[in-house]
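Peer 1: I have a structure I would like to understand better, so I am pasting it below and will then ask my questions one at a time.
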Amino acid sequence: MLNQKQKTLETILYVLFGLIALGGLTLIVLDFVGMSLSNVNNVIRVANNNFARTMKMTFLVFGSLLLVLSAVASAITLAVNGQKAELIEEKKARRRQRMELEDTTAELE
């Protein structure tokens, strides 16, 4: 079992990656909305064009990139923390077996 500090850090990381993914999803939706509005000079399309000129990518590409990167980072965090928890559980199980073995040897003597 992970200690309290590790659990808190894991939760903070998941919330952070979730917010990044939400930002990416918001940019994707804004791109779709901006492109589907009939007014060519709407605020969202102008912002998207300015963003594309500055960053060399549109809201859609940047939002997709944020979404994918946050999903990968969340998966890595899950794998690392899962492995740590598993190692701790294995260590506890070995300790329990060792203590049981010592108890049974003490009873035989």
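Following the order of the structure tokens, chains are lettered A, B, ..., residues in each are numbered from 1, and ligands are numbered from 1.
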May I have the residues within 12 Å of Ala71 of chain A as a list in words, using only C-alpha atoms and disregarding those fewer than 3 positions away in the same chain?
Peer 2: Leu13, Tyr14, Val15, Leu16, Phe17, Gly18, Leu19, Ile20, Ala21, Leu22, Gly24, Leu25, Ser64, Leu65, Leu66, Leu67, Val68, Ser74, Ala75, Ile76, Thr77 and Leu78 of chain A
Peer 1: Quick one: everything within 6 Å of segment 43-60 of chain A, counting only C-alpha atoms, minus sequence neighbours fewer than 5 positions away in the same chain. Send it as a ChimeraX atom specification.
Peer 2: /A:27-28,31,34
Peer 1: Within 12 Å of Ala85 of chain A, counting only C-alpha atoms, which residues qualify if same-chain residues fewer than 6 places away don't, as a PyMOL selection string?
Peer 2: chain A and resi 1-3+6-7+10+78-79+91-92
